[in-house]
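Data block for query_13.cif (mmCIF, C-alpha atoms):
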data_data
loop_
_atom_site.group_PDB
_atom_site.id
_atom_site.type_symbol
_atom_site.label_atom_id
_atom_site.label_comp_id
_atom_site.auth_asym_id
_atom_site.auth_seq_id
_atom_site.Cartn_x
_atom_site.Cartn_y
_atom_site.Cartn_z
ATOM 1 C CA MET B 20 -192.920 138.947 -172.008
ATOM 2 C CA ALA B 21 -191.621 140.524 -168.808
ATOM 3 C CA GLY B 22 -194.199 143.301 -168.983
ATOM 4 C CA GLN B 23 -191.404 145.833 -169.294
ATOM 5 C CA LEU B 24 -190.082 147.889 -172.201
ATOM 6 C CA LEU B 25 -186.602 147.044 -173.498
ATOM 7 C CA SER B 26 -185.695 150.694 -173.017
ATOM 8 C CA ASP B 27 -186.495 150.328 -169.293
ATOM 9 C CA GLN B 28 -184.236 147.312 -168.774
ATOM 10 C CA ARG B 29 -181.127 147.778 -166.641
ATOM 11 C CA GLY B 30 -177.893 145.837 -166.343
ATOM 12 C CA PRO B 31 -176.266 144.622 -163.084
ATOM 13 C CA ASP B 32 -174.670 148.067 -162.649
ATOM 14 C CA GLY B 33 -178.036 149.831 -162.948
ATOM 15 C CA ARG B 34 -177.211 151.398 -166.299
ATOM 16 C CA PRO B 35 -179.521 151.014 -169.322
ATOM 17 C CA LEU B 36 -178.788 148.024 -171.518
ATOM 18 C CA ARG B 37 -177.312 148.662 -174.956
ATOM 19 C CA GLU B 38 -176.939 146.573 -178.063
ATOM 20 C CA VAL B 39 -173.564 144.881 -178.429
ATOM 21 C CA ILE B 40 -172.452 144.691 -182.060
ATOM 22 C CA PRO B 41 -169.483 142.300 -182.475
ATOM 23 C CA PRO B 42 -166.615 143.425 -184.749
ATOM 24 C CA TYR B 43 -166.827 140.115 -186.619
ATOM 25 C CA PHE B 44 -169.364 137.988 -188.498
ATOM 26 C CA SER B 45 -170.956 134.760 -187.259
ATOM 27 C CA ILE B 46 -172.847 132.415 -189.583
ATOM 28 C CA LYS B 47 -174.818 129.365 -188.505
ATOM 29 C CA GLU B 48 -175.250 126.519 -190.975
ATOM 30 C CA ALA B 49 -177.617 123.578 -190.700
ATOM 31 C CA VAL B 50 -176.316 120.044 -191.183
ATOM 32 C CA PHE B 51 -178.533 117.672 -193.144
ATOM 33 C CA PRO B 52 -178.344 113.846 -193.236
ATOM 34 C CA PHE B 53 -179.302 113.401 -196.905
ATOM 35 C CA ASN B 54 -176.136 111.414 -197.702
ATOM 36 C CA LYS B 55 -177.491 108.657 -195.437
ATOM 37 C CA PHE B 56 -180.616 108.266 -197.583
ATOM 38 C CA PRO B 57 -179.541 107.456 -201.169
ATOM 39 C CA GLY B 58 -182.092 108.405 -203.806
ATOM 40 C CA VAL B 59 -184.094 110.737 -201.557
ATOM 41 C CA ASP B 60 -184.663 114.184 -203.077
ATOM 42 C CA PRO B 61 -182.829 116.636 -200.780
ATOM 43 C CA ILE B 62 -184.984 119.632 -201.709
ATOM 44 C CA LEU B 63 -186.111 121.522 -198.629
ATOM 45 C CA GLY B 64 -189.661 122.129 -197.500
ATOM 46 C CA PRO B 65 -191.284 123.284 -194.264
ATOM 47 C CA GLU B 66 -190.274 120.142 -192.377
ATOM 48 C CA MET B 67 -187.465 120.143 -189.806
ATOM 49 C CA ARG B 68 -184.803 117.969 -191.432
ATOM 50 C CA SER B 69 -181.502 119.194 -190.012
ATOM 51 C CA THR B 70 -179.621 117.051 -187.513
ATOM 52 C CA GLY B 71 -177.568 119.841 -186.007
ATOM 53 C CA GLU B 72 -175.854 123.134 -186.671
ATOM 54 C CA VAL B 73 -172.323 124.510 -186.928
ATOM 55 C CA MET B 74 -171.064 128.082 -186.800
ATOM 56 C CA GLY B 75 -168.317 129.899 -188.639
ATOM 57 C CA VAL B 76 -166.799 133.156 -187.344
ATOM 58 C CA GLY B 77 -164.669 135.480 -189.453
ATOM 59 C CA ARG B 78 -163.587 139.077 -189.974
ATOM 60 C CA SER B 79 -165.687 139.235 -193.137
ATOM 61 C CA PHE B 80 -168.955 137.688 -194.238
ATOM 62 C CA GLY B 81 -167.117 135.562 -196.798
ATOM 63 C CA GLU B 82 -164.632 134.150 -194.292
ATOM 64 C CA ALA B 83 -167.404 133.298 -191.830
ATOM 65 C CA MET B 84 -169.435 131.681 -194.611
ATOM 66 C CA LEU B 85 -166.497 129.552 -195.748
ATOM 67 C CA LYS B 86 -165.820 128.350 -192.195
ATOM 68 C CA SER B 87 -169.490 127.468 -191.702
ATOM 69 C CA GLN B 88 -169.446 125.358 -194.870
ATOM 70 C CA LEU B 89 -166.247 123.585 -193.845
ATOM 71 C CA GLY B 90 -167.771 122.866 -190.451
ATOM 72 C CA ALA B 91 -170.879 121.400 -192.072
ATOM 73 C CA GLY B 92 -168.771 119.135 -194.284
ATOM 74 C CA SER B 93 -169.413 121.008 -197.542
ATOM 75 C CA ARG B 94 -166.403 121.236 -199.833
ATOM 76 C CA LEU B 95 -165.961 124.401 -201.882
ATOM 77 C CA PRO B 96 -163.553 124.132 -204.855
ATOM 78 C CA ASP B 97 -160.700 126.485 -205.634
ATOM 79 C CA LYS B 98 -160.726 125.405 -209.294
ATOM 80 C CA GLY B 99 -162.779 123.343 -211.718
ATOM 81 C CA THR B 100 -166.312 123.832 -213.030
ATOM 82 C CA VAL B 101 -169.497 125.196 -211.503
ATOM 83 C CA VAL B 102 -172.784 124.224 -213.158
ATOM 84 C CA ILE B 103 -175.496 126.886 -213.012
ATOM 85 C CA SER B 104 -179.160 126.188 -213.778
ATOM 86 C CA VAL B 105 -181.616 128.738 -212.443
ATOM 87 C CA LYS B 106 -185.231 129.786 -212.928
ATOM 88 C CA ASN B 107 -186.016 132.861 -215.032
ATOM 89 C CA ASN B 108 -186.419 135.242 -212.104
ATOM 90 C CA ASP B 109 -182.887 134.415 -210.910
ATOM 91 C CA LYS B 110 -181.022 134.856 -214.201
ATOM 92 C CA ASP B 111 -179.822 138.432 -213.565
ATOM 93 C CA ARG B 112 -178.346 137.439 -210.217
ATOM 94 C CA ALA B 113 -176.849 134.304 -211.755
ATOM 95 C CA VAL B 114 -175.039 136.404 -214.368
ATOM 96 C CA LYS B 115 -173.372 138.461 -211.623
ATOM 97 C CA VAL B 116 -172.365 135.288 -209.771
ATOM 98 C CA ALA B 117 -170.959 133.787 -212.981
ATOM 99 C CA GLY B 118 -168.776 136.848 -213.543
ATOM 100 C CA GLU B 119 -167.371 136.598 -210.033
ATOM 101 C CA LEU B 120 -166.627 132.886 -210.479
ATOM 102 C CA ILE B 121 -164.755 133.556 -213.736
ATOM 103 C CA ASP B 122 -162.689 136.210 -211.931
ATOM 104 C CA LEU B 123 -161.722 133.487 -209.444
ATOM 105 C CA GLY B 124 -160.490 131.249 -212.256
ATOM 106 C CA ILE B 125 -163.436 128.854 -212.094
ATOM 107 C CA GLN B 126 -165.120 127.668 -215.291
ATOM 108 C CA ILE B 127 -168.866 127.940 -215.897
ATOM 109 C CA ALA B 128 -171.258 125.440 -217.439
ATOM 110 C CA ALA B 129 -174.975 126.201 -217.596
ATOM 111 C CA THR B 130 -178.240 124.949 -219.019
ATOM 112 C CA LYS B 131 -179.440 126.545 -222.263
ATOM 113 C CA GLY B 132 -181.541 129.423 -220.915
ATOM 114 C CA THR B 133 -179.130 130.306 -218.131
ATOM 115 C CA ALA B 134 -176.140 129.989 -220.477
ATOM 116 C CA ALA B 135 -177.764 132.389 -222.946
ATOM 117 C CA ALA B 136 -178.124 135.052 -220.264
ATOM 118 C CA ILE B 137 -174.538 134.552 -219.109
ATOM 119 C CA ALA B 138 -173.132 134.619 -222.657
ATOM 120 C CA ALA B 139 -175.127 137.782 -223.439
ATOM 121 C CA ALA B 140 -173.154 139.492 -220.673
ATOM 122 C CA GLY B 141 -169.891 138.533 -222.379
ATOM 123 C CA ILE B 142 -168.992 135.835 -219.857
ATOM 124 C CA PRO B 143 -167.524 132.569 -221.180
ATOM 125 C CA VAL B 144 -169.833 129.619 -220.565
ATOM 126 C CA THR B 145 -170.326 126.059 -221.815
ATOM 127 C CA VAL B 146 -173.858 124.784 -222.478
ATOM 128 C CA VAL B 147 -174.934 121.558 -220.779
ATOM 129 C CA ASN B 148 -178.222 119.672 -221.167
ATOM 130 C CA LYS B 149 -180.916 119.468 -218.535
ATOM 131 C CA VAL B 150 -181.795 115.882 -217.693
ATOM 132 C CA LYS B 151 -184.994 116.050 -219.760
ATOM 133 C CA ASP B 152 -183.038 117.271 -222.824
ATOM 134 C CA GLY B 153 -181.052 114.071 -223.251
ATOM 135 C CA ARG B 154 -177.566 112.791 -222.531
ATOM 136 C CA PRO B 155 -174.945 113.783 -221.685
ATOM 137 C CA HIS B 156 -176.730 115.981 -219.139
ATOM 138 C CA ILE B 157 -175.904 117.681 -215.847
ATOM 139 C CA ALA B 158 -176.285 114.555 -213.723
ATOM 140 C CA ASP B 159 -173.980 112.628 -216.091
ATOM 141 C CA LYS B 160 -171.290 115.282 -215.753
ATOM 142 C CA VAL B 161 -171.624 115.289 -211.958
ATOM 143 C CA LYS B 162 -171.247 111.488 -211.870
ATOM 144 C CA ALA B 163 -168.223 111.687 -214.185
ATOM 145 C CA GLY B 164 -166.421 114.054 -211.832
ATOM 146 C CA GLU B 165 -166.521 116.937 -214.322
ATOM 147 C CA VAL B 166 -168.417 119.234 -211.935
ATOM 148 C CA GLN B 167 -167.106 120.541 -208.606
ATOM 149 C CA LEU B 168 -170.054 122.728 -207.522
ATOM 150 C CA VAL B 169 -173.739 123.039 -208.457
ATOM 151 C CA TYR B 170 -175.926 126.143 -208.318
ATOM 152 C CA THR B 171 -179.558 125.286 -209.107
ATOM 153 C CA THR B 172 -182.876 126.995 -208.398
ATOM 154 C CA VAL B 173 -186.296 125.850 -209.611
ATOM 155 C CA ASP B 174 -189.825 127.155 -209.791
ATOM 156 C CA GLU B 175 -191.938 125.689 -207.007
ATOM 157 C CA THR B 176 -194.047 123.543 -209.297
ATOM 158 C CA ARG B 177 -194.279 119.760 -209.114
ATOM 159 C CA THR B 178 -192.980 119.360 -212.686
ATOM 160 C CA ALA B 179 -189.978 121.656 -212.216
ATOM 161 C CA ILE B 180 -189.026 120.001 -208.926
ATOM 162 C CA ALA B 181 -189.309 116.524 -210.466
ATOM 163 C CA ASP B 182 -187.201 117.533 -213.504
ATOM 164 C CA SER B 183 -184.386 118.875 -211.317
ATOM 165 C CA ARG B 184 -184.398 116.046 -208.786
ATOM 166 C CA HIS B 185 -181.722 114.115 -210.696
ATOM 167 C CA ILE B 186 -179.268 117.000 -210.301
ATOM 168 C CA ARG B 187 -179.636 117.123 -206.531
ATOM 169 C CA THR B 188 -179.523 113.362 -205.991
ATOM 170 C CA ALA B 189 -176.452 113.033 -208.243
ATOM 171 C CA ALA B 190 -174.701 115.798 -206.303
ATOM 172 C CA ILE B 191 -175.437 114.066 -202.988
ATOM 173 C CA ALA B 192 -174.305 110.663 -204.272
ATOM 174 C CA ASN B 193 -171.030 112.058 -205.628
ATOM 175 C CA ARG B 194 -170.292 114.393 -202.709
ATOM 176 C CA VAL B 195 -170.570 117.527 -204.826
ATOM 177 C CA THR B 196 -171.668 120.599 -202.875
ATOM 178 C CA TYR B 197 -174.801 122.271 -204.215
ATOM 179 C CA TYR B 198 -176.977 125.309 -203.409
ATOM 180 C CA THR B 199 -180.673 125.657 -204.247
ATOM 181 C CA THR B 200 -181.338 129.363 -203.581
ATOM 182 C CA MET B 201 -179.722 132.424 -205.130
ATOM 183 C CA ALA B 202 -178.938 133.770 -201.667
ATOM 184 C CA GLY B 203 -177.014 130.552 -200.994
ATOM 185 C CA CYS B 204 -175.234 130.732 -204.360
ATOM 186 C CA GLU B 205 -174.196 134.339 -203.749
ATOM 187 C CA ALA B 206 -172.984 133.565 -200.219
ATOM 188 C CA ALA B 207 -170.994 130.548 -201.437
ATOM 189 C CA THR B 208 -169.391 132.649 -204.174
ATOM 190 C CA GLU B 209 -168.368 135.212 -201.569
ATOM 191 C CA ALA B 210 -166.883 132.382 -199.476
ATOM 192 C CA LEU B 211 -164.809 131.197 -202.442
ATOM 193 C CA LYS B 212 -162.984 134.539 -202.406
ATOM 194 C CA HIS B 213 -161.504 133.738 -198.975
ATOM 195 C CA GLN B 214 -159.957 130.325 -199.584
ATOM 196 C CA ASP B 215 -156.438 131.672 -199.002
ATOM 197 C CA ASP B 216 -156.922 134.006 -196.030
ATOM 198 C CA LEU B 217 -158.631 131.985 -193.298
ATOM 199 C CA THR B 218 -157.587 132.825 -189.739
ATOM 200 C CA VAL B 219 -158.080 130.943 -186.486
ATOM 201 C CA THR B 220 -159.210 132.903 -183.419
ATOM 202 C CA SER B 221 -160.044 131.503 -179.998
ATOM 203 C CA LEU B 222 -163.409 132.142 -178.360
ATOM 204 C CA GLN B 223 -161.600 133.928 -175.539
ATOM 205 C CA GLU B 224 -160.089 136.397 -178.026
ATOM 206 C CA LEU B 225 -163.455 136.982 -179.667
ATOM 207 C CA HIS B 226 -165.224 137.573 -176.347
ATOM 208 C CA ALA B 227 -162.500 139.998 -175.288
ATOM 209 C CA GLU B 228 -163.408 142.187 -178.262
ATOM 210 C CA LEU B 229 -166.976 142.717 -177.033
ATOM 211 C CA HIS B 230 -167.265 145.983 -175.159
#

What does the file become when written as structure tokens?
Amino acid sequence: MAGQLLSDQRGPDGRPLREVIPPYFSIKEAVFPFNKFPGVDPILGPEMRSTGEVMGVGRSFGEAMLKSQLGAGSRLPDKGTVVISVKNNDKDRAVKVAGELIDLGIQIAATKGTAAAIAAAGIPVTVVNKVKDGRPHIADKVKAGEVQLVYTTVDETRTAIADSRHIRTAAIANRVTYYTTMAGCEAATEALKHQDDLTVTSLQELHAELH
């Protein structure tokens, strides 16, 4: 935009500019107002729906992720049950996530297809119905307080989105944190590993580490 190559830029001292790589991780998280609109499907699309952002900073990706979720008002459990219901293309990644959750002492419940993939890997899992398969189903368990976290991904078809809407709206209504992409599920699982080792560092200390 300046009509000048980055490599030709100079700092105030006349020396070439260089990339500064901080010795810590920073993660920005969007804040969404879905809890103010009961019954609205919180699935994301191309529209701008966030009402602000927060940032978490930590020595590891997991610590920064956990702080960003806390700042956004999302509660991550240190025990209880995580429900997993993912599309076929995400099952391999879901199995890895399930194993990590079990290692953290968290129980797994999953819909039939996802549960089969998890069980095939030798990971303990309880089967729970999708909403369309009859009661008691995932949304019922969320409403009953039997679920502390929801991992759900769906194919981008109108039918699949409609079928899974009840899960998302139930999670919102009952203040249960949920993630709708595998990247989000994996990041949240990494954050769960840092529940006991959060540190507080001032901005002045962080800036002093940039050289």

Quiz item: Can you tell me how far atom CA of Gly92 of chain B sits from atom CA of Val50 of chain B, in Å to one decimal?
Solution: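 Atom CA of Val50 of chain B lies at a distance of 8.2 Å from atom CA of Gly92 of chain B.
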
Self-check item: Explicit residues for the PyMOL selection byres ((chain B and resi 49) around 8) (as a PyMOL selection string)
Solution: chain B and resi 47-48+50-51+69-73+91

Practice problem: Can you work out which one of B:Pro42, B:Gly153, B:Tyr198, B:Ser87 has the shortest atom-to-atom distance to His226 of chain B, counting all atoms listed in the file? | Solution: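 Comparing B:Pro42, B:Gly153, B:Tyr198, B:Ser87 against His226 of chain B, the winner is B:Pro42.
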
Quiz prompt | Straight-line distance linking atom CA of Leu229 of chain B with atom CA of Tyr43 of chain B, stated in Å to one decimal | solution = 9.9 Å

Practice problem: Check which residues satisfy the PyMOL selection byres ((chain B and resi 101) around 8) in the file shown, then give them as a list in words. | Solution: Gly99, Thr100, Val102, Ile103, Ile125, Gln126, Ile127, Ala128, Val166, Gln167, Leu168, Val169 and Tyr170 of chain B

Quiz item: So how many Å separate atom CA of Leu89 of chain B and atom CA of Val219 of chain B, to one decimal?
Solution: 13.2 Å

Quiz item: With only C-alpha atoms as the atoms that count, which of B:Leu225, B:Val161, B:Ala21, B:Val147 lies nearest to Ile191 of chain B?
Solution: B:Val161

Quiz item: When distances are computed from only C-alpha atoms, which of B:Ile137, B:Val105, B:Ala189, B:Val173 shows the smallest separation from Lys160 of chain B?
Solution: B:Ala189

Exercise. Excluding Ala113 of chain B and any residue of its chain fewer than 6 positions from it, enumerate the residues within 12 Å of it, using all atoms listed in the file, and give them as a ChimeraX atom specification.
Key: /B:101-107,119-120,127-130,132-138,140,142,170-172,200-205,208

Quiz item: Using all atoms listed in the file, which of the listed residues (B:Val144, B:Ile40, B:Ile186, B:Ala210) sits closest to Leu95 of chain B?
Solution: B:Ala210

Exercise. Select, from B:Val39, B:Ala207, B:Leu222, B:Ala158, the residue with the minimum atom-to-atom distance to Glu82 of chain B, counting only C-alpha atoms.
Key: B:Ala207
